[in-house]
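Colleague: Next up, coords.txt (compact mmCIF, C-alpha atoms).
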```
# COMPACT_ATOMS: atom_id res chain seq x y z
CA MET A 30 18.77 -13.24 18.16
CA ARG A 31 19.92 -13.47 14.56
CA CYS A 32 19.20 -10.88 11.83
CA THR A 33 19.54 -11.67 8.12
CA LEU A 34 18.99 -9.64 4.96
CA THR A 35 18.13 -11.14 1.57
CA GLU A 36 17.57 -9.45 -1.78
CA HIS A 37 14.84 -10.70 -4.11
CA LEU A 38 13.87 -10.06 -7.71
CA LEU A 39 10.12 -10.33 -8.35
CA PRO A 40 9.22 -10.06 -12.05
CA LEU A 41 5.69 -8.98 -12.88
CA ALA A 42 3.46 -11.38 -14.79
CA GLU A 43 3.18 -8.67 -17.46
CA PRO A 44 4.27 -5.01 -17.66
CA PHE A 45 2.10 -2.78 -15.47
CA VAL A 46 1.37 0.51 -17.23
CA THR A 47 0.57 3.71 -15.31
CA ALA A 48 0.43 7.37 -16.29
CA ILE A 49 3.93 8.02 -14.90
CA GLY A 50 5.76 4.86 -15.89
CA THR A 51 5.70 1.13 -16.55
CA VAL A 52 6.71 -1.39 -13.89
CA THR A 53 8.18 -4.71 -15.07
CA ARG A 54 9.80 -6.03 -11.89
CA ARG A 55 10.22 -5.35 -8.19
CA VAL A 56 13.56 -5.49 -6.38
CA VAL A 57 12.92 -5.95 -2.66
CA TRP A 58 14.81 -6.76 0.52
CA VAL A 59 13.54 -8.98 3.32
CA VAL A 60 14.69 -8.57 6.91
CA ALA A 61 14.35 -11.71 9.06
CA ILE A 62 14.86 -11.71 12.84
CA ALA A 63 15.01 -15.13 14.50
CA ASP A 64 14.88 -15.84 18.23
CA ASP A 65 16.04 -18.92 20.15
CA ALA A 66 12.48 -20.35 20.26
CA GLY A 67 12.31 -20.73 16.49
CA HIS A 68 10.17 -17.65 15.75
CA ILE A 69 11.19 -15.70 12.65
CA GLY A 70 9.83 -12.18 12.16
CA LEU A 71 9.74 -10.87 8.58
CA GLY A 72 9.75 -7.34 7.19
CA GLU A 73 10.03 -6.07 3.62
CA ALA A 74 11.59 -3.04 1.94
CA ALA A 75 10.24 -2.35 -1.54
CA PRO A 76 11.16 1.11 -2.83
CA LEU A 77 9.73 2.09 -6.20
CA PRO A 78 11.50 5.03 -7.88
CA VAL A 79 9.18 7.86 -8.96
CA PHE A 80 6.24 6.36 -7.03
CA GLY A 81 7.68 6.53 -3.52
CA GLY A 82 10.32 5.61 -0.98
CA GLU A 83 14.06 6.11 -1.11
CA ASP A 84 16.05 5.00 -4.15
CA PRO A 85 16.98 1.28 -4.13
CA LEU A 86 20.71 1.96 -3.66
CA THR A 87 20.04 4.01 -0.53
CA CYS A 88 17.60 1.40 0.76
CA GLY A 89 20.05 -1.47 0.41
CA GLU A 90 22.96 0.48 1.90
CA THR A 91 20.85 1.65 4.83
CA LEU A 92 19.73 -1.87 5.66
CA ARG A 93 23.27 -3.22 5.45
CA THR A 94 24.43 -0.46 7.80
CA ALA A 95 21.51 -0.75 10.23
CA LEU A 96 21.23 -4.50 10.79
CA PRO A 97 24.63 -4.98 12.48
CA GLN A 98 23.48 -2.36 15.01
CA LEU A 99 20.30 -4.35 15.75
CA THR A 100 21.85 -6.33 18.60
CA THR A 101 20.18 -8.95 20.76
CA ASP A 102 19.96 -6.46 23.63
CA SER A 103 18.33 -3.78 21.46
CA ILE A 104 15.83 -6.26 20.02
CA LEU A 105 14.89 -7.58 23.44
CA ALA A 106 14.54 -4.03 24.77
CA TRP A 107 12.12 -3.20 21.93
CA LEU A 108 10.15 -6.43 22.44
CA ASP A 109 9.94 -5.89 26.19
CA ARG A 110 8.16 -2.57 25.67
CA GLY A 111 5.30 -4.48 24.04
CA ARG A 112 4.40 -1.47 21.89
CA PRO A 113 4.40 -2.00 18.11
CA ASP A 114 4.59 1.77 17.55
CA ALA A 115 7.70 2.19 19.69
CA ALA A 116 10.71 3.92 18.17
CA ILE A 117 13.56 1.69 17.01
CA GLY A 118 16.05 3.21 19.43
CA ARG A 119 19.26 4.70 18.12
CA LEU A 120 18.52 3.49 14.58
CA GLU A 121 15.87 6.16 14.03
CA PRO A 122 18.28 8.90 12.82
CA LEU A 123 19.82 6.49 10.30
CA LEU A 124 16.39 5.37 9.05
CA ALA A 125 14.84 8.84 8.90
CA LYS A 126 15.52 9.27 5.17
CA ALA A 127 14.93 5.62 4.25
CA PRO A 128 11.26 4.86 5.02
CA CYS A 129 11.23 1.53 3.16
CA ALA A 130 14.26 0.32 5.11
CA ARG A 131 12.60 1.44 8.34
CA SER A 132 9.38 -0.34 7.38
CA ALA A 133 11.30 -3.59 6.87
CA ILE A 134 13.05 -3.49 10.25
CA GLU A 135 9.96 -2.40 12.16
CA GLY A 136 7.87 -5.00 10.34
CA ALA A 137 10.23 -7.83 11.29
CA LEU A 138 10.13 -6.71 14.93
CA ILE A 139 6.31 -6.52 14.96
CA ASP A 140 5.96 -9.95 13.32
CA LEU A 141 8.39 -11.43 15.86
CA LEU A 142 6.57 -9.77 18.76
CA SER A 143 3.22 -11.12 17.53
CA GLN A 144 4.58 -14.65 17.20
CA ARG A 145 5.99 -14.52 20.72
CA LEU A 146 2.58 -13.31 21.96
CA GLY A 147 0.83 -16.08 20.00
CA GLN A 148 -1.51 -13.74 18.09
CA PRO A 149 -1.95 -12.26 14.61
CA VAL A 150 -0.11 -9.04 13.81
CA ALA A 151 -3.45 -7.22 13.48
CA GLU A 152 -4.30 -7.92 17.13
CA THR A 153 -0.88 -6.75 18.25
CA LEU A 154 -1.30 -3.50 16.32
CA ALA A 155 -4.87 -2.94 17.54
CA GLY A 156 -4.08 -3.87 21.12
CA GLY A 157 -7.06 -6.22 21.04
CA PRO A 158 -9.62 -7.58 18.55
CA SER A 159 -9.38 -6.42 14.94
CA LEU A 160 -11.33 -6.97 11.73
CA ASP A 161 -11.16 -10.61 10.61
CA SER A 162 -11.19 -9.64 6.93
CA VAL A 163 -10.58 -6.57 4.79
CA PRO A 164 -12.44 -5.71 1.55
CA VAL A 165 -10.07 -5.06 -1.36
CA ASN A 166 -10.13 -3.63 -4.86
CA VAL A 167 -8.49 -5.12 -7.93
CA VAL A 168 -6.24 -2.98 -10.15
CA LEU A 169 -6.77 -2.78 -13.91
CA GLY A 170 -4.41 -1.29 -16.49
CA GLY A 171 -3.45 -1.32 -20.16
CA PRO A 172 -5.50 -0.80 -23.33
CA LYS A 173 -9.27 -1.11 -23.41
CA GLU A 174 -9.30 -4.74 -24.55
CA ALA A 175 -6.97 -5.77 -21.71
CA VAL A 176 -9.03 -3.83 -19.15
CA VAL A 177 -12.23 -5.54 -20.28
CA LEU A 178 -10.67 -9.02 -20.11
CA GLN A 179 -9.18 -8.36 -16.67
CA ALA A 180 -12.50 -7.00 -15.40
CA GLU A 181 -14.44 -10.02 -16.61
CA ARG A 182 -11.97 -12.39 -14.97
CA HIS A 183 -11.99 -10.61 -11.62
CA LEU A 184 -15.73 -10.07 -11.62
CA ALA A 185 -16.11 -13.85 -11.88
CA ARG A 186 -13.80 -14.18 -8.85
CA GLY A 187 -16.11 -12.09 -6.71
CA PHE A 188 -14.46 -8.66 -6.75
CA THR A 189 -16.88 -5.76 -6.41
CA CYS A 190 -14.45 -2.82 -6.50
CA PHE A 191 -12.22 -2.02 -9.48
CA LYS A 192 -9.42 0.53 -9.71
CA LEU A 193 -8.61 1.75 -13.23
CA LYS A 194 -5.09 3.05 -13.76
CA ALA A 195 -5.17 6.10 -16.04
CA GLY A 196 -2.74 6.27 -18.92
CA GLY A 197 -2.20 10.05 -19.00
CA ASP A 198 -4.50 10.80 -21.96
CA ALA A 199 -7.79 11.82 -20.32
CA GLY A 200 -9.75 11.18 -23.52
CA ALA A 201 -8.45 7.64 -23.87
CA ASP A 202 -8.97 7.09 -20.16
CA LEU A 203 -12.63 8.09 -20.49
CA PHE A 204 -13.01 5.63 -23.38
CA ARG A 205 -11.64 2.83 -21.16
CA LEU A 206 -13.84 3.91 -18.26
CA ARG A 207 -16.96 3.65 -20.41
CA ALA A 208 -15.96 0.17 -21.57
CA LEU A 209 -15.27 -0.89 -17.99
CA ARG A 210 -18.63 0.30 -16.69
CA GLU A 211 -20.37 -1.44 -19.60
CA VAL A 212 -18.81 -4.81 -18.76
CA LEU A 213 -19.28 -4.44 -14.98
CA GLY A 214 -22.84 -3.17 -15.01
CA PRO A 215 -24.21 -0.68 -12.47
CA GLY A 216 -23.36 -2.49 -9.23
CA PRO A 217 -19.58 -2.70 -8.75
CA SER A 218 -17.57 0.34 -7.65
CA ILE A 219 -15.04 1.97 -9.95
CA ARG A 220 -12.25 4.26 -8.81
CA VAL A 221 -9.73 5.90 -11.17
CA ASP A 222 -6.07 6.64 -10.37
CA ALA A 223 -4.28 9.25 -12.51
CA ASN A 224 -1.00 9.22 -10.52
CA GLY A 225 -0.88 13.01 -10.77
CA ALA A 226 -0.58 13.04 -14.57
CA TRP A 227 -3.52 15.27 -15.56
CA THR A 228 -3.79 19.03 -15.82
CA LEU A 229 -6.64 20.74 -14.02
CA GLU A 230 -8.51 21.27 -17.30
CA ARG A 231 -8.14 17.62 -18.38
CA ALA A 232 -9.10 16.36 -14.95
CA ARG A 233 -12.21 18.54 -14.87
CA ASP A 234 -13.25 17.39 -18.37
CA PHE A 235 -12.73 13.74 -17.41
CA LEU A 236 -14.65 13.97 -14.16
CA ASP A 237 -17.51 15.94 -15.71
CA ALA A 238 -17.87 13.33 -18.48
CA GLY A 239 -17.25 10.42 -16.11
CA ARG A 240 -19.93 11.42 -13.63
CA GLU A 241 -22.50 9.31 -15.48
CA HIS A 242 -20.38 6.22 -14.76
CA ASN A 243 -20.80 6.62 -11.00
CA LEU A 244 -17.17 6.91 -9.93
CA GLU A 245 -16.48 6.05 -6.31
CA TYR A 246 -13.57 8.51 -6.28
CA CYS A 247 -10.66 9.81 -8.35
CA GLU A 248 -7.18 9.28 -6.92
CA GLN A 249 -4.37 11.82 -7.34
CA PRO A 250 -5.79 13.53 -10.45
CA LEU A 251 -3.24 16.38 -10.29
CA PRO A 252 0.45 16.78 -9.44
CA VAL A 253 1.34 16.62 -5.77
CA ALA A 254 1.95 20.36 -5.42
CA ASP A 255 -1.42 21.40 -6.85
CA LEU A 256 -3.56 21.21 -3.73
CA GLU A 257 -5.47 24.29 -4.82
CA GLY A 258 -6.46 22.52 -8.05
CA SER A 259 -7.53 19.40 -6.16
CA ALA A 260 -9.71 21.55 -3.92
CA ALA A 261 -11.29 23.13 -6.99
CA LEU A 262 -12.04 19.69 -8.44
CA ARG A 263 -13.74 18.62 -5.21
CA LYS A 264 -15.97 21.66 -5.16
CA GLY A 265 -16.60 21.90 -8.88
CA THR A 266 -17.30 18.30 -9.85
CA GLY A 267 -18.91 16.80 -6.76
CA ILE A 268 -16.74 13.68 -7.17
CA LEU A 269 -14.70 12.49 -4.20
CA ILE A 270 -10.97 13.18 -4.50
CA ALA A 271 -8.27 11.00 -2.93
CA ILE A 272 -4.62 11.97 -2.46
CA ASP A 273 -1.90 9.29 -2.61
CA GLU A 274 1.48 10.54 -3.86
CA GLY A 275 0.89 13.70 -1.84
CA VAL A 276 1.15 11.73 1.43
CA ARG A 277 4.66 10.56 2.21
CA HIS A 278 4.81 11.83 5.80
CA PRO A 279 2.09 12.17 8.45
CA SER A 280 2.49 15.96 8.37
CA ASP A 281 1.33 15.97 4.74
CA VAL A 282 -2.16 15.08 5.97
CA ALA A 283 -2.44 18.41 7.79
CA ARG A 284 -1.54 20.36 4.63
CA ILE A 285 -4.10 18.47 2.57
CA ALA A 286 -6.80 18.99 5.17
CA ALA A 287 -6.01 22.71 5.50
CA ALA A 288 -6.33 23.13 1.73
CA GLN A 289 -9.58 21.12 1.67
CA ALA A 290 -7.94 19.25 -1.21
CA ALA A 291 -9.28 15.74 -0.57
CA ASP A 292 -12.05 13.61 0.83
CA LEU A 293 -9.78 10.60 1.34
CA ILE A 294 -6.09 9.92 1.73
CA VAL A 295 -4.38 6.78 0.45
CA LEU A 296 -1.60 5.56 2.71
CA LYS A 297 1.21 3.29 1.57
CA PRO A 298 2.83 2.01 4.80
CA MET A 299 6.00 1.05 2.94
CA PHE A 300 6.60 4.62 1.78
CA LEU A 301 5.61 6.15 5.12
CA GLY A 302 8.08 4.07 7.10
CA GLY A 303 5.81 1.39 8.56
CA TRP A 304 3.17 1.16 11.29
CA ARG A 305 4.30 4.06 13.49
CA ALA A 306 3.83 6.68 10.76
CA THR A 307 0.78 4.97 9.25
CA ARG A 308 -1.03 5.05 12.57
CA GLN A 309 -0.08 8.70 13.11
CA ALA A 310 -1.30 9.66 9.62
CA THR A 311 -4.56 7.77 10.12
CA GLU A 312 -5.29 9.40 13.46
CA LEU A 313 -4.58 12.85 12.03
CA ALA A 314 -6.75 12.18 8.97
CA ARG A 315 -9.68 11.03 11.08
CA SER A 316 -9.38 14.09 13.30
CA GLN A 317 -9.75 16.22 10.15
CA GLY A 318 -12.73 14.31 8.77
CA LEU A 319 -10.75 12.51 6.05
CA GLU A 320 -11.30 8.85 5.20
CA VAL A 321 -8.33 6.49 4.90
CA VAL A 322 -7.55 3.77 2.38
CA ILE A 323 -4.40 1.65 2.78
CA SER A 324 -2.62 0.50 -0.35
CA THR A 325 0.54 -1.28 -1.44
CA ALA A 326 2.83 -0.54 -4.38
CA ILE A 327 3.03 -4.05 -5.82
CA ASP A 328 4.89 -5.19 -2.70
CA GLY A 329 5.86 -8.78 -2.13
CA SER A 330 3.81 -11.01 0.17
CA VAL A 331 5.55 -9.74 3.32
CA GLY A 332 4.80 -6.08 2.65
CA ARG A 333 1.24 -6.83 1.50
CA ALA A 334 0.58 -8.87 4.64
CA HIS A 335 1.83 -6.12 6.93
CA ALA A 336 -0.38 -3.55 5.14
CA THR A 337 -3.39 -5.89 5.36
CA HIS A 338 -2.93 -6.44 9.09
CA MET A 339 -2.65 -2.65 9.51
CA ALA A 340 -5.93 -2.10 7.67
CA ALA A 341 -7.61 -4.71 9.88
CA ALA A 342 -6.16 -3.18 13.04
CA LEU A 343 -7.41 0.26 12.03
CA GLY A 344 -10.90 -1.06 11.30
CA LEU A 345 -10.86 -0.05 7.64
CA GLY A 346 -13.83 -2.10 6.47
CA ARG A 347 -16.07 0.57 4.95
CA ARG A 348 -14.25 0.88 1.62
CA ALA A 349 -12.15 -1.56 -0.36
CA GLN A 350 -8.43 -1.29 0.38
CA GLY A 351 -5.68 -1.42 -2.26
CA LEU A 352 -4.09 -4.66 -1.11
CA ALA A 353 -4.87 -7.26 -3.80
CA THR A 354 -1.78 -6.71 -5.94
CA GLY A 355 -0.13 -10.11 -5.52
CA GLY A 356 -1.66 -11.35 -8.75
CA LEU A 357 0.45 -8.84 -10.66
CA LEU A 358 3.62 -10.74 -9.71
CA ALA A 359 5.01 -13.80 -11.48
CA GLY A 360 6.47 -15.06 -8.18
CA ASP A 361 6.40 -14.14 -4.50
CA LEU A 362 8.40 -14.12 -1.27
CA THR A 363 6.65 -16.74 0.88
CA ASP A 364 4.97 -20.07 0.27
CA ALA A 365 1.52 -19.11 1.63
CA PRO A 366 0.73 -15.44 0.81
CA LEU A 367 -2.54 -13.91 1.95
CA GLN A 368 -5.00 -14.29 -0.92
CA PRO A 369 -8.19 -12.40 -1.81
CA ILE A 370 -11.35 -14.53 -1.77
CA SER A 371 -14.57 -13.05 -3.15
CA GLY A 372 -13.20 -9.53 -2.90
CA SER A 373 -11.80 -9.74 0.65
CA ILE A 374 -8.55 -10.80 2.32
CA GLY A 375 -8.96 -12.69 5.58
CA ILE A 376 -6.78 -12.32 8.66
CA LEU A 377 -5.84 -15.87 9.57
CA ASP A 378 -6.02 -16.94 13.20
CA ARG A 379 -2.30 -17.66 13.34
CA PRO A 380 0.55 -15.99 15.22
CA GLY A 381 2.34 -13.30 13.25
CA LEU A 382 1.65 -12.53 9.59
CA GLY A 383 0.38 -16.02 8.75
CA ILE A 384 2.07 -16.17 5.33
CA GLY A 385 4.23 -19.30 5.59
CA ARG A 386 7.95 -19.67 5.07
CA LEU A 387 10.30 -17.32 3.25
CA LEU A 388 11.30 -18.75 -0.11
CA ALA A 389 14.91 -18.87 -1.28
CA ALA A 390 16.18 -15.51 -2.50
CA ALA A 391 16.37 -14.84 -6.20
CA THR A 392 19.08 -12.17 -6.19
CA ALA A 393 18.56 -9.17 -8.43
```
Please rewrite the model in this file as structure tokens.
Modeller:
Amino acid sequence: MRCTLTEHLLPLAEPFVTAIGTVTRRVVWVVAIADDAGHIGLGEAAPLPVFGGEDPLTCGETLRTALPQLTTDSILAWLDRGRPDAAIGRLEPLLAKAPCARSAIEGALIDLLSQRLGQPVAETLAGGPSLDSVPVNVVLGGPKEAVVLQAERHLARGFTCFKLKAGGDAGADLFRLRALREVLGPGPSIRVDANGAWTLERARDFLDAGREHNLEYCEQPLPVADLEGSAALRKGTGILIAIDEGVRHPSDVARIAAAQAADLIVLKPMFLGGWRATRQATELARSQGLEVVISTAIDGSVGRAHATHMAAALGLGRRAQGLATGGLLAGDLTDAPLQPISGSIGILDRPGLGIGRLLAAATA
């Protein structure tokens, strides 16, 4: 077995504006584990300061410390268990405070296991048949004119669910929402993501005024700590509330459910630490009557593919998932990324992730 680590710089096609910051590039690490039969398992670490995960310096240092300890014997022992949710042995204490680094190592192991089994990652995760495609939303951001142009372009490509990134000013956000609904018409779904930037008063005003635009749900309208406010919004506005930034560990789901603060939770596998924690969070959410949506954070093609296979394995076909973010990047990690077609991403009938070869690293 041979483990390698490469660092990649992925510029965005244009700056991506959110209520808590603007993203212009992604610095990510790719873990590759190769066996003697020519299989190469890939995993990605893509921390995003402020939004989630450890800081990039910690992520890189953790990976450089962990990989030399991932010996042939330890890899074979993990593969022989045949369980994609198995702990990564003695590396777990080191990876406990670096979820993105853990996600990369676990992801590479799962991809390698799937290739050796001759089946897609989704089937490995599900332990049998999975969904063969996952519905996805497209993300819109920027000023009203840009939102309208983006919406028209993606509507023509077959998307039926649109996620509007709020800018922090609830009044301006409502103006953009009205323009978006006007260009989309009554059919497509619209969800709004405030990234925790609104106050309770501004969120209530926005949701009361936005009710006429038939919102599917509002994501993270309030700061993470304000679960009481989120519960009040649920009860007072009648609009579904989703929590994203408030879920960075499976145990967070129990707190949210106890506070009755959400109808849905949005899980980012990268920031949770990979499949093991994502599965745990999903099972806990379902036991509490909460729906689950899986999303990425503008990950590269490796991270997006892992998240897509997870959504398929978990049977998340009722609502659009937040996985169609590859178009925000000016370049990518592999030569055949999973692509949305008519608002869905298909799970290819190929061993592993099915995303082609890793491209040469562009070092940050």
Colleague: Could you make a table, as a Markdown table, of the residues of stretch 75-139 of chain A that have an atom within 12 Å of an atom of stretch 278-286 of chain A, each with its nearest atom pair and distance in Å to one decimal, counting all atoms listed in the file, in chain and number order?
Modeller:
```
| residue | atom | partner | partner_atom | distance |
| --- | --- | --- | --- | --- |
| A:Gly81 | CA | A:His278 | CA | 11.1 |
| A:Gly82 | CA | A:His278 | CA | 10.7 |
| A:Ala125 | CA | A:His278 | CA | 10.9 |
| A:Lys126 | CA | A:His278 | CA | 11.0 |
| A:Ala127 | CA | A:His278 | CA | 12.0 |
| A:Pro128 | CA | A:His278 | CA | 9.5 |
```
Colleague: Please provide as a PDB file with C-alpha atoms, in the frame of the given file all residues within 8 Å of stretch 170-181 of chain A, with the sequence filter that same-chain residues fewer than 3 positions apart are discarded (counting all atoms listed in the file).
Modeller:
```pdb
ATOM      1  CA  PHE A  45       2.100  -2.780 -15.470  1.00  0.00           C
ATOM      2  CA  VAL A  46       1.370   0.510 -17.230  1.00  0.00           C
ATOM      3  CA  THR A  47       0.570   3.710 -15.310  1.00  0.00           C
ATOM      4  CA  LEU A 184     -15.730 -10.070 -11.620  1.00  0.00           C
ATOM      5  CA  ALA A 185     -16.110 -13.850 -11.880  1.00  0.00           C
ATOM      6  CA  PHE A 191     -12.220  -2.020  -9.480  1.00  0.00           C
ATOM      7  CA  LEU A 193      -8.610   1.750 -13.230  1.00  0.00           C
ATOM      8  CA  LYS A 194      -5.090   3.050 -13.760  1.00  0.00           C
ATOM      9  CA  ALA A 195      -5.170   6.100 -16.040  1.00  0.00           C
ATOM     10  CA  GLY A 196      -2.740   6.270 -18.920  1.00  0.00           C
ATOM     11  CA  PHE A 204     -13.010   5.630 -23.380  1.00  0.00           C
ATOM     12  CA  ARG A 205     -11.640   2.830 -21.160  1.00  0.00           C
ATOM     13  CA  ALA A 208     -15.960   0.170 -21.570  1.00  0.00           C
ATOM     14  CA  LEU A 209     -15.270  -0.890 -17.990  1.00  0.00           C
ATOM     15  CA  VAL A 212     -18.810  -4.810 -18.760  1.00  0.00           C
ATOM     16  CA  LEU A 213     -19.280  -4.440 -14.980  1.00  0.00           C
TER      17      LEU A 213
END
```
Colleague: Return the single residue from A:Ala336, A:Leu203, A:Arg240, A:Ala349 that is closest to A:Pro217, with distances computed using only C-alpha atoms.
Modeller: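 Ranking A:Ala336, A:Leu203, A:Arg240, A:Ala349 by distance to A:Pro217, first place goes to A:Ala349.
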Colleague: For a test of reading the model, state the distance in Å between atom CA of A:Leu141 and atom CA of A:Thr337, rounded to one decimal.
Modeller: 16.7 Å
Colleague: So, with all atoms listed in the file as the atoms that count, which of A:Arg305, A:Arg263, A:Arg348, A:His338 lies closest to A:Leu382?
Modeller: A:His338
Colleague: Tell me, in Å to one decimal, how far atom CA of A:Ala390 is from atom CA of A:Thr51.
Modeller: 24.2 Å
Colleague: Smallest atom-to-atom distance to A:Ser373: which of A:Val165, A:Leu352, A:Cys247, A:Met299, using all atoms listed in the file?
Modeller: A:Val165
Colleague: With only C-alpha atoms as the basis for distance, which of A:Leu154, A:Ile370, A:Leu358, A:Val276 is at the shortest distance from A:Arg308?
Modeller: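 Among the listed residues, the smallest separation from A:Arg308 belongs to A:Leu154.
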Colleague: With a distance cut-off of 7 Å and only C-alpha atoms, select the neighbouring residues of A:Thr35, excluding the residue or stretch itself and same-chain residues fewer than 2 positions from it, and output the selection as a PyMOL selection string.
Modeller: chain A and resi 33+37+58-60+390
Colleague: From the options A:Leu313, A:Ala48, A:Ala334, A:Leu146, which residue's atoms come nearest to A:Ala201, counting all atoms listed in the file?
Modeller: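 Nearest to A:Ala201: A:Ala48.
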Colleague: Pick from A:Ala151, A:Leu38, A:Ala223, A:Ala133: nearest to A:Phe300, with only C-alpha atoms counted?
Modeller: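 Nearest to A:Phe300: A:Ala133.
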Colleague: What does the structure give for the distance between atom CA of A:Leu244 and atom CA of A:Leu301, in Å to one decimal?
Modeller: 27.3 Å
